[in-house]
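Below is entry_39.cif, which holds mmCIF, N, CA and C atoms.
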```
data_final
#
loop_
_atom_site.label_atom_id
_atom_site.label_comp_id
_atom_site.auth_asym_id
_atom_site.auth_seq_id
_atom_site.Cartn_x
_atom_site.Cartn_y
_atom_site.Cartn_z
N MET A 373 93.29 91.98 115.94
CA MET A 373 94.05 92.26 114.73
C MET A 373 93.73 91.20 113.70
N ILE A 374 93.76 91.63 112.47
CA ILE A 374 93.58 90.74 111.34
C ILE A 374 94.79 90.91 110.44
N ALA A 375 95.29 89.79 109.92
CA ALA A 375 96.37 89.86 108.94
C ALA A 375 96.07 88.92 107.79
N LEU A 376 96.14 89.43 106.60
CA LEU A 376 96.09 88.59 105.41
C LEU A 376 97.54 88.37 105.01
N ILE A 377 97.98 87.11 105.10
CA ILE A 377 99.39 86.83 104.80
C ILE A 377 99.49 86.10 103.46
N GLN A 378 100.55 86.43 102.75
CA GLN A 378 100.84 85.77 101.49
C GLN A 378 102.29 85.35 101.48
N ARG A 379 102.53 84.08 101.16
CA ARG A 379 103.91 83.62 101.00
C ARG A 379 104.39 84.16 99.66
N VAL A 380 105.55 84.82 99.69
CA VAL A 380 106.05 85.50 98.49
C VAL A 380 107.49 85.12 98.19
N THR A 381 107.86 85.25 96.93
CA THR A 381 109.27 85.13 96.57
C THR A 381 109.93 86.50 96.65
N GLU A 382 109.11 87.55 96.55
CA GLU A 382 109.57 88.93 96.73
C GLU A 382 108.35 89.83 96.87
N ALA A 383 108.53 90.95 97.57
CA ALA A 383 107.46 91.93 97.72
C ALA A 383 108.08 93.28 98.06
N LYS A 384 107.38 94.33 97.65
CA LYS A 384 107.83 95.68 97.98
C LYS A 384 106.63 96.61 98.02
N VAL A 385 106.82 97.73 98.70
CA VAL A 385 105.81 98.78 98.80
C VAL A 385 106.45 100.08 98.39
N ASP A 386 105.76 100.82 97.51
CA ASP A 386 106.27 102.15 97.19
C ASP A 386 105.22 103.20 97.46
N VAL A 387 105.71 104.38 97.81
CA VAL A 387 104.89 105.56 98.05
C VAL A 387 105.45 106.65 97.16
N ASP A 388 104.63 107.19 96.27
CA ASP A 388 105.05 108.24 95.34
C ASP A 388 106.31 107.85 94.57
N GLY A 389 106.39 106.58 94.16
CA GLY A 389 107.51 106.12 93.36
C GLY A 389 108.76 105.75 94.14
N GLU A 390 108.75 105.94 95.47
CA GLU A 390 109.89 105.60 96.32
C GLU A 390 109.60 104.30 97.06
N VAL A 391 110.51 103.32 96.95
CA VAL A 391 110.34 102.07 97.68
C VAL A 391 110.59 102.34 99.16
N VAL A 392 109.57 102.05 99.99
CA VAL A 392 109.69 102.28 101.43
C VAL A 392 109.89 101.00 102.22
N GLY A 393 109.65 99.85 101.58
CA GLY A 393 109.87 98.56 102.23
C GLY A 393 109.95 97.47 101.18
N ALA A 394 110.88 96.54 101.36
CA ALA A 394 111.03 95.45 100.40
C ALA A 394 111.64 94.23 101.08
N ILE A 395 111.23 93.06 100.62
CA ILE A 395 111.79 91.79 101.10
C ILE A 395 111.99 90.85 99.92
N GLY A 396 112.82 89.84 100.14
CA GLY A 396 112.92 88.73 99.21
C GLY A 396 111.90 87.69 99.64
N ALA A 397 112.29 86.43 99.64
CA ALA A 397 111.37 85.36 100.02
C ALA A 397 110.92 85.53 101.47
N GLY A 398 109.63 85.31 101.70
CA GLY A 398 109.09 85.43 103.04
C GLY A 398 107.60 85.61 103.03
N LEU A 399 107.10 86.50 103.90
CA LEU A 399 105.67 86.77 104.02
C LEU A 399 105.37 88.24 103.85
N LEU A 400 104.33 88.52 103.08
CA LEU A 400 103.72 89.85 103.04
C LEU A 400 102.50 89.77 103.93
N ALA A 401 102.37 90.68 104.88
CA ALA A 401 101.22 90.69 105.78
C ALA A 401 100.52 92.04 105.68
N LEU A 402 99.28 92.02 105.22
CA LEU A 402 98.42 93.20 105.24
C LEU A 402 97.70 93.16 106.58
N VAL A 403 97.82 94.21 107.38
CA VAL A 403 97.40 94.18 108.79
C VAL A 403 96.35 95.24 109.08
N ALA A 404 95.25 94.80 109.71
CA ALA A 404 94.21 95.72 110.17
C ALA A 404 94.10 95.64 111.69
N VAL A 405 93.87 96.78 112.30
CA VAL A 405 93.68 96.86 113.75
C VAL A 405 92.19 97.10 114.00
N GLU A 406 91.64 96.34 114.96
CA GLU A 406 90.24 96.48 115.32
C GLU A 406 90.12 97.29 116.62
N PRO A 407 88.94 97.87 116.90
CA PRO A 407 88.80 98.77 118.05
C PRO A 407 89.22 98.19 119.40
N ALA A 408 89.00 96.92 119.65
CA ALA A 408 89.31 96.33 120.97
C ALA A 408 90.75 95.84 121.07
N ASP A 409 91.55 96.01 120.02
CA ASP A 409 92.92 95.51 120.03
C ASP A 409 93.81 96.30 120.97
N GLY A 410 94.81 95.60 121.52
CA GLY A 410 95.77 96.21 122.42
C GLY A 410 97.04 95.38 122.44
N GLU A 411 97.75 95.43 123.55
CA GLU A 411 99.04 94.75 123.68
C GLU A 411 98.93 93.24 123.46
N ALA A 412 97.92 92.62 124.04
CA ALA A 412 97.78 91.16 123.91
C ALA A 412 97.60 90.76 122.45
N GLN A 413 96.81 91.51 121.72
CA GLN A 413 96.57 91.18 120.31
C GLN A 413 97.82 91.42 119.47
N ALA A 414 98.55 92.48 119.77
CA ALA A 414 99.79 92.75 119.03
C ALA A 414 100.81 91.63 119.28
N GLN A 415 100.94 91.20 120.53
CA GLN A 415 101.87 90.11 120.84
C GLN A 415 101.45 88.81 120.18
N ARG A 416 100.16 88.50 120.23
CA ARG A 416 99.67 87.26 119.62
C ARG A 416 99.86 87.28 118.11
N MET A 417 99.59 88.42 117.49
CA MET A 417 99.76 88.49 116.03
C MET A 417 101.22 88.32 115.66
N CYS A 418 102.11 88.92 116.42
CA CYS A 418 103.54 88.77 116.16
C CYS A 418 103.93 87.29 116.24
N GLU A 419 103.48 86.61 117.28
CA GLU A 419 103.76 85.18 117.42
C GLU A 419 103.24 84.39 116.23
N ARG A 420 102.04 84.69 115.81
CA ARG A 420 101.44 83.96 114.69
C ARG A 420 102.18 84.25 113.38
N LEU A 421 102.53 85.51 113.13
CA LEU A 421 103.23 85.85 111.89
C LEU A 421 104.58 85.15 111.80
N LEU A 422 105.31 85.14 112.90
CA LEU A 422 106.64 84.53 112.88
C LEU A 422 106.61 83.01 113.02
N GLY A 423 105.53 82.47 113.58
CA GLY A 423 105.48 81.05 113.84
C GLY A 423 104.57 80.22 112.95
N TYR A 424 103.75 80.89 112.12
CA TYR A 424 102.79 80.16 111.28
C TYR A 424 103.54 79.36 110.22
N ARG A 425 103.25 78.08 110.13
CA ARG A 425 104.03 77.17 109.27
C ARG A 425 103.44 77.11 107.87
N VAL A 426 104.02 77.88 106.97
CA VAL A 426 103.56 77.92 105.57
C VAL A 426 104.67 77.65 104.57
N PHE A 427 105.86 77.33 105.07
CA PHE A 427 107.00 77.06 104.19
C PHE A 427 107.30 75.57 104.19
N ALA A 428 107.74 75.08 103.04
CA ALA A 428 107.95 73.65 102.86
C ALA A 428 109.16 73.14 103.63
N ASP A 429 109.00 71.93 104.19
CA ASP A 429 110.12 71.23 104.79
C ASP A 429 110.77 70.34 103.71
N GLU A 430 111.66 69.46 104.11
CA GLU A 430 112.37 68.61 103.16
C GLU A 430 111.42 67.69 102.40
N ALA A 431 110.29 67.36 102.98
CA ALA A 431 109.30 66.47 102.35
C ALA A 431 108.28 67.25 101.52
N GLY A 432 108.42 68.57 101.46
CA GLY A 432 107.49 69.39 100.69
C GLY A 432 106.22 69.76 101.43
N ARG A 433 106.13 69.47 102.72
CA ARG A 433 104.96 69.80 103.51
C ARG A 433 105.14 71.16 104.18
N MET A 434 104.03 71.86 104.41
CA MET A 434 104.08 73.16 105.09
C MET A 434 104.35 72.92 106.57
N ASN A 435 105.61 72.86 106.93
CA ASN A 435 106.00 72.58 108.31
C ASN A 435 107.01 73.57 108.86
N ARG A 436 107.38 74.57 108.07
CA ARG A 436 108.39 75.52 108.52
C ARG A 436 107.79 76.92 108.58
N SER A 437 108.22 77.66 109.58
CA SER A 437 107.72 79.02 109.80
C SER A 437 108.74 80.05 109.31
N LEU A 438 108.35 81.29 109.38
CA LEU A 438 109.25 82.38 109.05
C LEU A 438 110.45 82.38 110.00
N ALA A 439 110.20 82.08 111.27
CA ALA A 439 111.30 81.99 112.25
C ALA A 439 112.27 80.88 111.86
N ASP A 440 111.76 79.79 111.30
CA ASP A 440 112.61 78.67 110.87
C ASP A 440 113.43 79.02 109.63
N THR A 441 112.82 79.71 108.69
CA THR A 441 113.48 79.98 107.41
C THR A 441 114.35 81.22 107.42
N GLY A 442 114.05 82.16 108.33
CA GLY A 442 114.79 83.43 108.36
C GLY A 442 114.39 84.38 107.25
N GLY A 443 113.28 84.10 106.58
CA GLY A 443 112.81 84.94 105.48
C GLY A 443 112.34 86.31 105.94
N GLY A 444 112.01 87.16 105.00
CA GLY A 444 111.56 88.51 105.30
C GLY A 444 110.10 88.58 105.67
N LEU A 445 109.73 89.62 106.40
CA LEU A 445 108.35 89.91 106.75
C LEU A 445 108.08 91.37 106.39
N LEU A 446 107.18 91.56 105.45
CA LEU A 446 106.78 92.91 105.03
C LEU A 446 105.41 93.19 105.62
N LEU A 447 105.35 94.10 106.59
CA LEU A 447 104.12 94.47 107.27
C LEU A 447 103.55 95.73 106.64
N VAL A 448 102.30 95.64 106.18
CA VAL A 448 101.66 96.75 105.50
C VAL A 448 100.33 97.06 106.20
N PRO A 449 100.16 98.28 106.71
CA PRO A 449 98.90 98.63 107.35
C PRO A 449 97.78 98.69 106.32
N GLN A 450 96.64 98.03 106.63
CA GLN A 450 95.51 98.04 105.70
C GLN A 450 94.21 97.95 106.46
N PHE A 451 93.67 99.11 106.85
CA PHE A 451 92.47 99.15 107.67
C PHE A 451 91.27 98.55 106.97
N THR A 452 91.27 98.48 105.65
CA THR A 452 90.10 97.96 104.93
C THR A 452 89.83 96.49 105.22
N LEU A 453 90.82 95.76 105.73
CA LEU A 453 90.58 94.36 106.09
C LEU A 453 89.56 94.23 107.21
N ALA A 454 89.41 95.25 108.02
CA ALA A 454 88.46 95.22 109.13
C ALA A 454 87.08 95.72 108.73
N ALA A 455 86.87 95.98 107.46
CA ALA A 455 85.59 96.53 107.00
C ALA A 455 84.44 95.56 107.23
N ASP A 456 83.27 96.13 107.48
CA ASP A 456 82.04 95.35 107.55
C ASP A 456 81.46 95.30 106.15
N THR A 457 81.41 94.12 105.58
CA THR A 457 80.91 93.95 104.21
C THR A 457 79.66 93.07 104.17
N ALA A 458 79.02 92.88 105.32
CA ALA A 458 77.90 91.95 105.43
C ALA A 458 76.65 92.37 104.67
N LYS A 459 76.44 93.65 104.53
CA LYS A 459 75.22 94.07 103.85
C LYS A 459 75.49 95.29 102.98
N GLY A 460 74.59 95.53 102.07
CA GLY A 460 74.71 96.67 101.19
C GLY A 460 75.81 96.50 100.15
N MET A 461 76.09 97.58 99.47
CA MET A 461 77.05 97.56 98.37
C MET A 461 78.23 98.49 98.63
N ARG A 462 78.40 98.87 99.89
CA ARG A 462 79.51 99.74 100.27
C ARG A 462 80.03 99.29 101.62
N PRO A 463 81.36 99.18 101.78
CA PRO A 463 81.89 98.74 103.07
C PRO A 463 81.68 99.79 104.16
N GLY A 464 81.54 99.29 105.39
CA GLY A 464 81.47 100.17 106.56
C GLY A 464 82.75 100.00 107.36
N PHE A 465 83.22 101.06 107.97
CA PHE A 465 84.51 100.99 108.66
C PHE A 465 84.43 101.20 110.16
N ALA A 466 83.22 101.11 110.75
CA ALA A 466 83.09 101.22 112.20
C ALA A 466 83.78 100.06 112.90
N SER A 467 84.02 98.97 112.18
CA SER A 467 84.68 97.80 112.77
C SER A 467 86.20 97.90 112.72
N ALA A 468 86.73 98.99 112.19
CA ALA A 468 88.18 99.24 112.18
C ALA A 468 88.52 100.22 113.30
N ALA A 469 89.72 100.10 113.83
CA ALA A 469 90.18 101.03 114.87
C ALA A 469 90.30 102.44 114.30
N SER A 470 90.27 103.42 115.17
CA SER A 470 90.50 104.80 114.74
C SER A 470 91.91 104.90 114.16
N PRO A 471 92.17 105.91 113.34
CA PRO A 471 93.53 106.04 112.80
C PRO A 471 94.60 106.12 113.89
N GLU A 472 94.31 106.81 115.00
CA GLU A 472 95.29 106.93 116.08
C GLU A 472 95.59 105.58 116.71
N ALA A 473 94.54 104.82 117.03
CA ALA A 473 94.72 103.49 117.63
C ALA A 473 95.34 102.54 116.62
N GLY A 474 94.93 102.65 115.36
CA GLY A 474 95.50 101.81 114.33
C GLY A 474 97.00 102.00 114.20
N ARG A 475 97.41 103.25 114.17
CA ARG A 475 98.85 103.55 114.08
C ARG A 475 99.59 103.04 115.32
N ARG A 476 99.02 103.28 116.49
CA ARG A 476 99.68 102.86 117.74
C ARG A 476 99.93 101.36 117.75
N TRP A 477 98.91 100.57 117.44
CA TRP A 477 99.04 99.12 117.56
C TRP A 477 99.75 98.50 116.36
N PHE A 478 99.65 99.12 115.20
CA PHE A 478 100.46 98.65 114.07
C PHE A 478 101.94 98.89 114.38
N ASP A 479 102.27 100.09 114.87
CA ASP A 479 103.66 100.39 115.23
C ASP A 479 104.17 99.45 116.32
N ARG A 480 103.31 99.10 117.27
CA ARG A 480 103.72 98.16 118.32
C ARG A 480 103.99 96.78 117.73
N LEU A 481 103.17 96.34 116.79
CA LEU A 481 103.40 95.07 116.12
C LEU A 481 104.76 95.09 115.41
N VAL A 482 105.07 96.16 114.72
CA VAL A 482 106.36 96.29 114.04
C VAL A 482 107.50 96.22 115.06
N GLU A 483 107.36 96.93 116.17
CA GLU A 483 108.38 96.92 117.22
C GLU A 483 108.61 95.50 117.77
N LEU A 484 107.54 94.79 118.04
CA LEU A 484 107.66 93.42 118.53
C LEU A 484 108.33 92.51 117.50
N ALA A 485 107.93 92.65 116.25
CA ALA A 485 108.51 91.82 115.19
C ALA A 485 110.00 92.09 115.03
N ARG A 486 110.38 93.36 115.06
CA ARG A 486 111.81 93.71 114.93
C ARG A 486 112.64 93.20 116.10
N ALA A 487 112.04 93.10 117.26
CA ALA A 487 112.76 92.59 118.43
C ALA A 487 112.96 91.08 118.36
N SER A 488 112.19 90.41 117.51
CA SER A 488 112.23 88.95 117.45
C SER A 488 112.78 88.38 116.15
N HIS A 489 112.86 89.20 115.10
CA HIS A 489 113.21 88.67 113.78
C HIS A 489 114.07 89.69 113.04
N PRO A 490 115.11 89.24 112.35
CA PRO A 490 116.05 90.19 111.75
C PRO A 490 115.60 90.87 110.45
N ALA A 491 114.61 90.32 109.76
CA ALA A 491 114.29 90.82 108.41
C ALA A 491 112.87 91.36 108.35
N ILE A 492 112.67 92.58 108.86
CA ILE A 492 111.35 93.21 108.89
C ILE A 492 111.38 94.48 108.04
N ALA A 493 110.38 94.62 107.18
CA ALA A 493 110.19 95.84 106.40
C ALA A 493 108.73 96.25 106.56
N THR A 494 108.42 97.51 106.26
CA THR A 494 107.05 97.98 106.43
C THR A 494 106.63 98.89 105.29
N GLY A 495 105.31 99.03 105.19
CA GLY A 495 104.73 100.07 104.38
C GLY A 495 104.69 101.34 105.22
N ARG A 496 103.94 102.33 104.77
CA ARG A 496 103.86 103.61 105.49
C ARG A 496 102.42 103.86 105.91
N PHE A 497 102.20 103.95 107.20
CA PHE A 497 100.85 104.13 107.73
C PHE A 497 100.23 105.42 107.18
N GLY A 498 99.00 105.31 106.71
CA GLY A 498 98.25 106.47 106.24
C GLY A 498 98.58 106.93 104.83
N ALA A 499 99.57 106.32 104.20
CA ALA A 499 99.97 106.74 102.85
C ALA A 499 99.21 105.94 101.80
N HIS A 500 99.12 106.50 100.61
CA HIS A 500 98.62 105.74 99.46
C HIS A 500 99.80 104.91 98.96
N MET A 501 99.69 103.60 99.14
CA MET A 501 100.81 102.70 98.82
C MET A 501 100.49 101.86 97.59
N ARG A 502 101.54 101.48 96.90
CA ARG A 502 101.45 100.50 95.82
C ARG A 502 102.23 99.28 96.30
N VAL A 503 101.53 98.16 96.39
CA VAL A 503 102.14 96.93 96.87
C VAL A 503 102.40 96.01 95.68
N HIS A 504 103.64 95.59 95.54
CA HIS A 504 104.04 94.70 94.46
C HIS A 504 104.48 93.39 95.10
N LEU A 505 104.00 92.27 94.56
CA LEU A 505 104.38 90.99 95.14
C LEU A 505 104.34 89.89 94.10
N VAL A 506 105.12 88.86 94.39
CA VAL A 506 105.04 87.62 93.63
C VAL A 506 104.62 86.56 94.65
N ASN A 507 103.34 86.18 94.59
CA ASN A 507 102.79 85.20 95.52
C ASN A 507 103.34 83.83 95.14
N ASP A 508 103.87 83.13 96.12
CA ASP A 508 104.51 81.84 95.91
C ASP A 508 103.53 80.73 96.24
N GLY A 509 102.96 80.11 95.24
CA GLY A 509 102.05 78.99 95.45
C GLY A 509 100.85 78.98 94.51
N PRO A 510 99.90 79.84 94.62
CA PRO A 510 99.75 80.88 95.63
C PRO A 510 99.39 80.31 97.00
N VAL A 511 99.92 80.96 98.02
CA VAL A 511 99.63 80.60 99.41
C VAL A 511 99.18 81.87 100.12
N THR A 512 97.92 81.87 100.57
CA THR A 512 97.33 83.04 101.23
C THR A 512 96.44 82.57 102.38
N PHE A 513 96.61 83.19 103.55
CA PHE A 513 95.80 82.86 104.73
C PHE A 513 95.38 84.13 105.44
N ILE A 514 94.27 84.03 106.19
CA ILE A 514 93.84 85.12 107.06
C ILE A 514 94.09 84.69 108.50
N LEU A 515 94.80 85.52 109.26
CA LEU A 515 95.08 85.24 110.67
C LEU A 515 94.35 86.26 111.54
N HIS A 516 93.87 85.79 112.69
CA HIS A 516 93.25 86.66 113.69
C HIS A 516 94.03 86.52 114.98
N SER A 517 94.08 87.57 115.77
CA SER A 517 94.81 87.51 117.03
C SER A 517 93.90 87.37 118.23
N ARG A 518 92.64 87.05 118.00
CA ARG A 518 91.69 86.90 119.12
C ARG A 518 92.07 85.71 119.97
#
```
As structure tokens - that is how I would like this structure written.
Amino acid sequence: MIALIQRVTEAKVDVDGEVVGAIGAGLLALVAVEPADGEAQAQRMCERLLGYRVFADEAGRMNRSLADTGGGLLLVPQFTLAADTAKGMRPGFASAASPEAGRRWFDRLVELARASHPAIATGRFGAHMRVHLVNDGPVTFILHSR
């Protein structure tokens, strides 16, 4: 699994003008599932999303995690993160999981996150989404669950 995370002061996702997921301060995670991903990768990604220290402590250093702050986590499926962009002028998607596997493991990640953290929101798998965010910092990282 790959996740591009952004520390945000607020974020939301809408589909056809309807807000389907929204958070205040926390993390927006755009998530891609790769073909070899399974339970271990979903569990590891959940641990990393909730435990990655990107929030300031009392000294202003990035020493606090989402689990520490209690902030929101907005999980948005985005298969394009797994694209092969190494050559040519068009991305290839053989490096992304099939839609069925992508949905299965994205949904499992959401289930794991909800079991561990109180403030989880999501986008809608397979939908054309509009993601709105205010990046705080800006702070952006790419996480892998390998």
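All residues of protein, DNA or RNA that reach within 7 Å of Arg518 (chain A), judged by all atoms listed in the file and not counting those fewer than 2 positions away in the chain, are Met373, Gln413, Leu515 and His516 of chain A.
In this structure, CA of Ala473 (chain A) sits 16.0 Å away from CA of Ala499 (chain A).
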Using backbone DSSP assignments, extract all strand (DSSP E or B) residues from region 408-470 of chain A; output them as a PyMOL selection string. chain A and resi 427-428+434-436+444-449+456+464
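Residues with at least one atom no more than 7 Å from (97.0, 105.1, 108.0), using all atoms listed in the file, are A:Pro449, A:Phe451, A:Pro471, A:Gly474, A:Arg475, A:Arg496, A:Phe497, A:Gly498, A:Ala499.
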Translate the PyMOL selection byres ((chain A and resi 395) around 8) into a concrete residue list for this structure, as an MDAnalysis selection string. chainID A and resid 380:385 393:394 396:399 443:446 491:494
Quick one: what's the axis-aligned box for region 464-477 of chain A, all listed atoms, 3 Å on every side, centre and edges in Å to one decimal, as AutoDock Vina command-line options?
```
--center_x 90.7 --center_y 102.4 --center_z 111.6 --size_x 24.5 --size_y 15.1 --size_z 18.4
```
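With atom N of Asp440 (chain A) on one side and atom C of Leu422 (chain A) on the other, the separation reads 6.3 Å.
Selecting alpha helix (DSSP H) from the backbone DSSP output for region 442-500 of chain A yields Pro471, Glu472, Ala473, Gly474, Arg475, Arg476, Trp477, Phe478, Asp479, Arg480, Leu481, Val482, Glu483, Leu484, Ala485, Arg486, Ala487 and Ser488 of chain A.
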What does the distance between atom C of Ala431 (chain A) and CA of Ser517 (chain A) come to in Å, to one decimal place? 28.9 Å
Neighbourhood query: residues within 12 Å of (82.5, 98.5, 122.2), file coordinates, counting only C-alpha atoms; return as JSON, numbers by chain. {"A": [406, 407, 408, 409, 466, 467, 468, 469]}
Once the PyMOL selection byres (((chain A and resi 483 and name CA) around 12) and name CA) is applied to the coordinates I shared, what remains selected? I want it as a short mmCIF file (atom, residue, chain, number, x, y, z; two decimals) with N, CA and C atoms, keeping the file's coordinate frame.
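Below is the file out25.cif, written as the result:
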```cif
data_model
loop_
_atom_site.label_atom_id
_atom_site.label_comp_id
_atom_site.auth_asym_id
_atom_site.auth_seq_id
_atom_site.Cartn_x
_atom_site.Cartn_y
_atom_site.Cartn_z
N GLU A 411 97.75 95.43 123.55
CA GLU A 411 99.04 94.75 123.68
C GLU A 411 98.93 93.24 123.46
N ALA A 414 98.55 92.48 119.77
CA ALA A 414 99.79 92.75 119.03
C ALA A 414 100.81 91.63 119.28
N GLN A 415 100.94 91.20 120.53
CA GLN A 415 101.87 90.11 120.84
C GLN A 415 101.45 88.81 120.18
N CYS A 418 102.11 88.92 116.42
CA CYS A 418 103.54 88.77 116.16
C CYS A 418 103.93 87.29 116.24
N LEU A 447 105.35 94.10 106.59
CA LEU A 447 104.12 94.47 107.27
C LEU A 447 103.55 95.73 106.64
N ARG A 476 99.02 103.28 116.49
CA ARG A 476 99.68 102.86 117.74
C ARG A 476 99.93 101.36 117.75
N TRP A 477 98.91 100.57 117.44
CA TRP A 477 99.04 99.12 117.56
C TRP A 477 99.75 98.50 116.36
N PHE A 478 99.65 99.12 115.20
CA PHE A 478 100.46 98.65 114.07
C PHE A 478 101.94 98.89 114.38
N ASP A 479 102.27 100.09 114.87
CA ASP A 479 103.66 100.39 115.23
C ASP A 479 104.17 99.45 116.32
N ARG A 480 103.31 99.10 117.27
CA ARG A 480 103.72 98.16 118.32
C ARG A 480 103.99 96.78 117.73
N LEU A 481 103.17 96.34 116.79
CA LEU A 481 103.40 95.07 116.12
C LEU A 481 104.76 95.09 115.41
N VAL A 482 105.07 96.16 114.72
CA VAL A 482 106.36 96.29 114.04
C VAL A 482 107.50 96.22 115.06
N LEU A 484 107.54 94.79 118.04
CA LEU A 484 107.66 93.42 118.53
C LEU A 484 108.33 92.51 117.50
N ALA A 485 107.93 92.65 116.25
CA ALA A 485 108.51 91.82 115.19
C ALA A 485 110.00 92.09 115.03
N ARG A 486 110.38 93.36 115.06
CA ARG A 486 111.81 93.71 114.93
C ARG A 486 112.64 93.20 116.10
N ALA A 487 112.04 93.10 117.26
CA ALA A 487 112.76 92.59 118.43
C ALA A 487 112.96 91.08 118.36
N SER A 488 112.19 90.41 117.51
CA SER A 488 112.23 88.95 117.45
C SER A 488 112.78 88.38 116.15
N HIS A 489 112.86 89.20 115.10
CA HIS A 489 113.21 88.67 113.78
C HIS A 489 114.07 89.69 113.04
N PRO A 490 115.11 89.24 112.35
CA PRO A 490 116.05 90.19 111.75
C PRO A 490 115.60 90.87 110.45
N ILE A 492 112.67 92.58 108.86
CA ILE A 492 111.35 93.21 108.89
C ILE A 492 111.38 94.48 108.04
N ALA A 493 110.38 94.62 107.18
CA ALA A 493 110.19 95.84 106.40
C ALA A 493 108.73 96.25 106.56
N THR A 494 108.42 97.51 106.26
CA THR A 494 107.05 97.98 106.43
C THR A 494 106.63 98.89 105.29
#
```
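Each of A:Val405, A:Ala412, A:Val506, A:Ile377 was checked against Thr452 (chain A) using only C-alpha atoms; the smallest atom-to-atom distance is that of A:Val405.
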Between A:Tyr424, A:Ala455, A:Arg379, A:Ile374, which one has atoms that come closest to Asp508 (chain A), using all atoms listed in the file? A:Arg379
